[in-house]
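Enquirer: Let me begin by handing over the structure; questions about it come next.
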Amino acid sequence: MIRRYLLLALAVALLLHIGYLYFKVGRGVAGDAWEAPSILYGRPTEIRKGDHLGNLRFAERLHRLSYRKVVGKPSTAGTFSEEQANIQIFPRDNGTEKPSHDSGPVDIVVRDGRVVSLVSPAGVQLDSIHLEPEEIGRIMGPKMESRRPVTLSAISPFLQNAVIASEDARFYSHIGIDVLAIGRALFANLKEQRFAQGGSTITQQLAKNFFLSPKKTLGRKLREAELALILELRYSKKQILEMYLNKIYFGQEGLRGIYGIEEAAGFYFSKQAKDISLEESALLAGIISSPNRYSLLRNPKAAQERRNAVLARMRQLEMIREDEFHRASNAPVRIRPRSSAPVHQASYFVDYIQRITAEELGGEKLYRTGYRYYTTLDPTHQAAAQEAVTRGLGEIEKTALPVGEPLQAALVAVDPATGAMTAMVGGRDYGQTQFNRATDAKRQPGSAFKPLVLLTALSLSTQGKGDKTLSTIVSGEPVSIPTPEGMWTPSNFERKTYGKITIRKTIEDSVNTATVRLANDVGLKEVLKTARAAGITSPLSPVPSMALGSFEVTPVELAYAYTTIASGGIRFDPFPLFSVTTADGDILTAKKVHRERALDPRAAYLTGYAMEGVLERGTAKSAKTLGIYFPASGKTGTTDGNRDSWFVGYTPDVVCAVWVGYDSGADTGLTGARGALHIWARFLRALYPQSGPPALTRPEGVETAVIDPESGYLATASCPQTLREAYLTGTAPKETCPRHPVNPVVDALRKGMRSVGDFFRNLFK
């Protein structure tokens, strides 16, 4: 009897649960829970001792964060007061890390615009404080967009079949879950020992999109299956397919998601869903599983391969004839995107965030309602980067060779102290092309690779495996090197010839012949090893042309390779994101910066010190006329036929890589100095409107000496030019310049004149 009542109670409970879910599913589908935007935030503003508040645009940031100025001591978060050289600010919780001080107002003492001290509410001296992150953009869900739902009859049968073939071949025969697909996925996951494959049906995907978070847990998968069964109980197959096709995510248009088949057909092909052809249907169906990987705009080759796989599956399922399969699979990928809506200046960066979080969040769920993305983007840096690219290109293209296509540019900025990516521009106009040249364009770096050759030579010296210094003499004379393809004879820019020159002059004047000799001397395998240690991950081979940047890299790679130098030898993996949370603060994914000691800090410093000369006397000396009045390190890069114009440079605060060129690889007529340097200079100038950056910090184990820049020996009083050079301790030259020996009579006269001059200067003080 008890057992009977227990079974009855369980049956009633099960029926009530099913009834509840039946009601919940109906209400959820009717209401569609996409009501609030997801929000992206930039990195918290850090204020450190020594910072210039004008350079930080401190007042502007407070205004954008809606801080309220008060009289007297601030008593609530979000307020501040200002009296002469003292600012008191009560910071809000920054949302990404624990505060470095007790809650309350912080005293900021300022002198000549710079922060002298930071004092916590408890009276403790602080190295820095953080303001909360600024909002940099909002991602709208389907309900907040012009999503255009259509009936199933208004969707091409080709498109319906392509989606079923791609996503759920047994859609019309299963009950919401596909046991065979689940078993196949389970076997694949066990074999790979990771979540390599899913077994979700279209109904399960619909349930997940409507009701569940993207966390991949067993509990969520069981919940997904349960809801799928209820959906199948409540709705017909055609209704489920119609809801799915109207809700599914097809990519991104700036900060605006493309949801629903009608919207996707209009965006990619300027058509209605009912008019989509077979090959277009397979293209759209193919990108559903990964809108980033198979992007029609960014990766047409991968999209074509995926399209043909869908067509093959349709042929296998006898949805299309053999002749239809061959015609469609041989058709070129043609898209006719509609004119894009106005886009946000950080759209390329948003796309990049989407790509790196797609696996954790699961495709379209990246744009689920109410998420919070805490990124490393600095709004001030990003605004400066966008302005530099826009205005810089407008200026540069007046002197570029016209080839019938727009001149493009990419810019990546990195904080060398933390590895945080602070700005990214992937092209001149996201509305015209979503191809992100910062992350995806592989181009030859040319001479911008040469600092890695120098870094190799200096690194070997720090290890006691070499004796190269910045004043070591190398030959800049013509050189020919045997290769499997025959003799290779590199030439210098404008066929200029050189004799014996210092390694410093090799990097400052970008001398190809001397660089190749240096690379061969230290070993091409060692150069490759250094490039890998610095962060270059693209394919490289230890061949002579590698020294001149013949192997392709991306702007992100090159920016982070220079960051390894600027940071004193610390290599960072690209770091654009702290975390993603729900609106309630539950962490969906969290990122930690990967950093490791890769190079000797002395070698890194000496390389940067040499690159200061590139801007002072070398190929980038025109930076002075472009407003770079402060010391900075950097290197120009120009490839054969002027296909690529590069400048990568840094201060202790920021590393910035800029590429300029045509997407087709046509001749721009621009060198690194005439092209990319102009954009780089605009960006750096915007970051230092009030005062220049601090100088590079010289590490222990480095000394300086005044030398003759031509001979590389210690300077004498007779040398017409002198230079303060840096060396590993103990490696500075010991002998004086043989080209300009000291004449005792002239030396005595010079000493006497200096003494007389000193007398009169002291007299009239």
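Every chain in the structure tokens has a letter given in the order shown (A, B, ...), and although residue numbers restart at 1 in each chain, ligands are simply numbered from 1 in the order shown.
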So that I can check the surroundings of Pro379 of chain A, please list as a list in words every protein, DNA and RNA residue that reaches within 10 Å of it, counting only C-alpha atoms and ignoring chain neighbours fewer than 5 positions away.

Expert: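 Residues meeting the cut-off are Tyr41, Gly42, Arg43, Pro44, Thr45, Arg61, Pro133, Glu134, Glu135, Ile136, Gln345, Ala346, Ala384, Ala385, Thr422 and Ala423 of chain A.
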
Enquirer: Next, dump the selected residues to file, keeping only C-alpha atoms, as a PDB file, in the first residue's frame.

Expert:
```pdb
ATOM      1  CA  TYR A  41      34.008  47.496 -20.343  1.00  0.00           C
ATOM      2  CA  GLY A  42      37.534  48.777 -20.863  1.00  0.00           C
ATOM      3  CA  ARG A  43      40.344  48.259 -18.403  1.00  0.00           C
ATOM      4  CA  PRO A  44      40.266  50.113 -15.078  1.00  0.00           C
ATOM      5  CA  THR A  45      42.211  53.369 -15.210  1.00  0.00           C
ATOM      6  CA  ARG A  61      37.844  60.181 -17.517  1.00  0.00           C
ATOM      7  CA  PRO A 133      36.277  50.520 -15.988  1.00  0.00           C
ATOM      8  CA  GLU A 134      34.477  52.601 -18.581  1.00  0.00           C
ATOM      9  CA  GLU A 135      31.779  51.183 -20.782  1.00  0.00           C
ATOM     10  CA  ILE A 136      33.130  50.874 -24.311  1.00  0.00           C
ATOM     11  CA  GLN A 345      35.248  52.452 -33.150  1.00  0.00           C
ATOM     12  CA  ALA A 346      36.115  49.250 -31.255  1.00  0.00           C
ATOM     13  CA  ALA A 384      43.614  57.919 -30.263  1.00  0.00           C
ATOM     14  CA  ALA A 385      44.287  54.822 -32.376  1.00  0.00           C
ATOM     15  CA  THR A 422      45.007  48.572 -25.010  1.00  0.00           C
ATOM     16  CA  ALA A 423      43.973  49.421 -28.580  1.00  0.00           C
TER      17      ALA A 423
END
```

Enquirer: So, with only C-alpha atoms as the atoms that count, which of A:Ala207, A:Ala383, A:Val389, A:Val412 lies closest to Leu222 of chain A?

Expert: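 Once distances to Leu222 of chain A are computed over only C-alpha atoms, the minimum belongs to A:Ala207.
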
Enquirer: When you count only C-alpha atoms, which of these residues is closest to Ile353 of chain A: A:Thr554, A:Ser173, A:Ser691, A:Ser579?

Expert: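 For Ile353 of chain A, the nearest of the given residues is A:Ser579.
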
Enquirer: Could you tell me how far atom CA of Arg685 of chain A sits from atom CA of Val109 of chain A, in Å to one decimal place?

Expert: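 Atom CA of Arg685 of chain A lies at a distance of 25.8 Å from atom CA of Val109 of chain A.
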
Enquirer: Would you kindly return, as an NGL selection string, each protein, DNA or RNA residue with an atom no farther than 7 Å from any atom of Thr716 of chain A, considering only C-alpha atoms and excluding same-chain residues fewer than 6 positions away?

Expert: :A and (736-737 or 740-742)
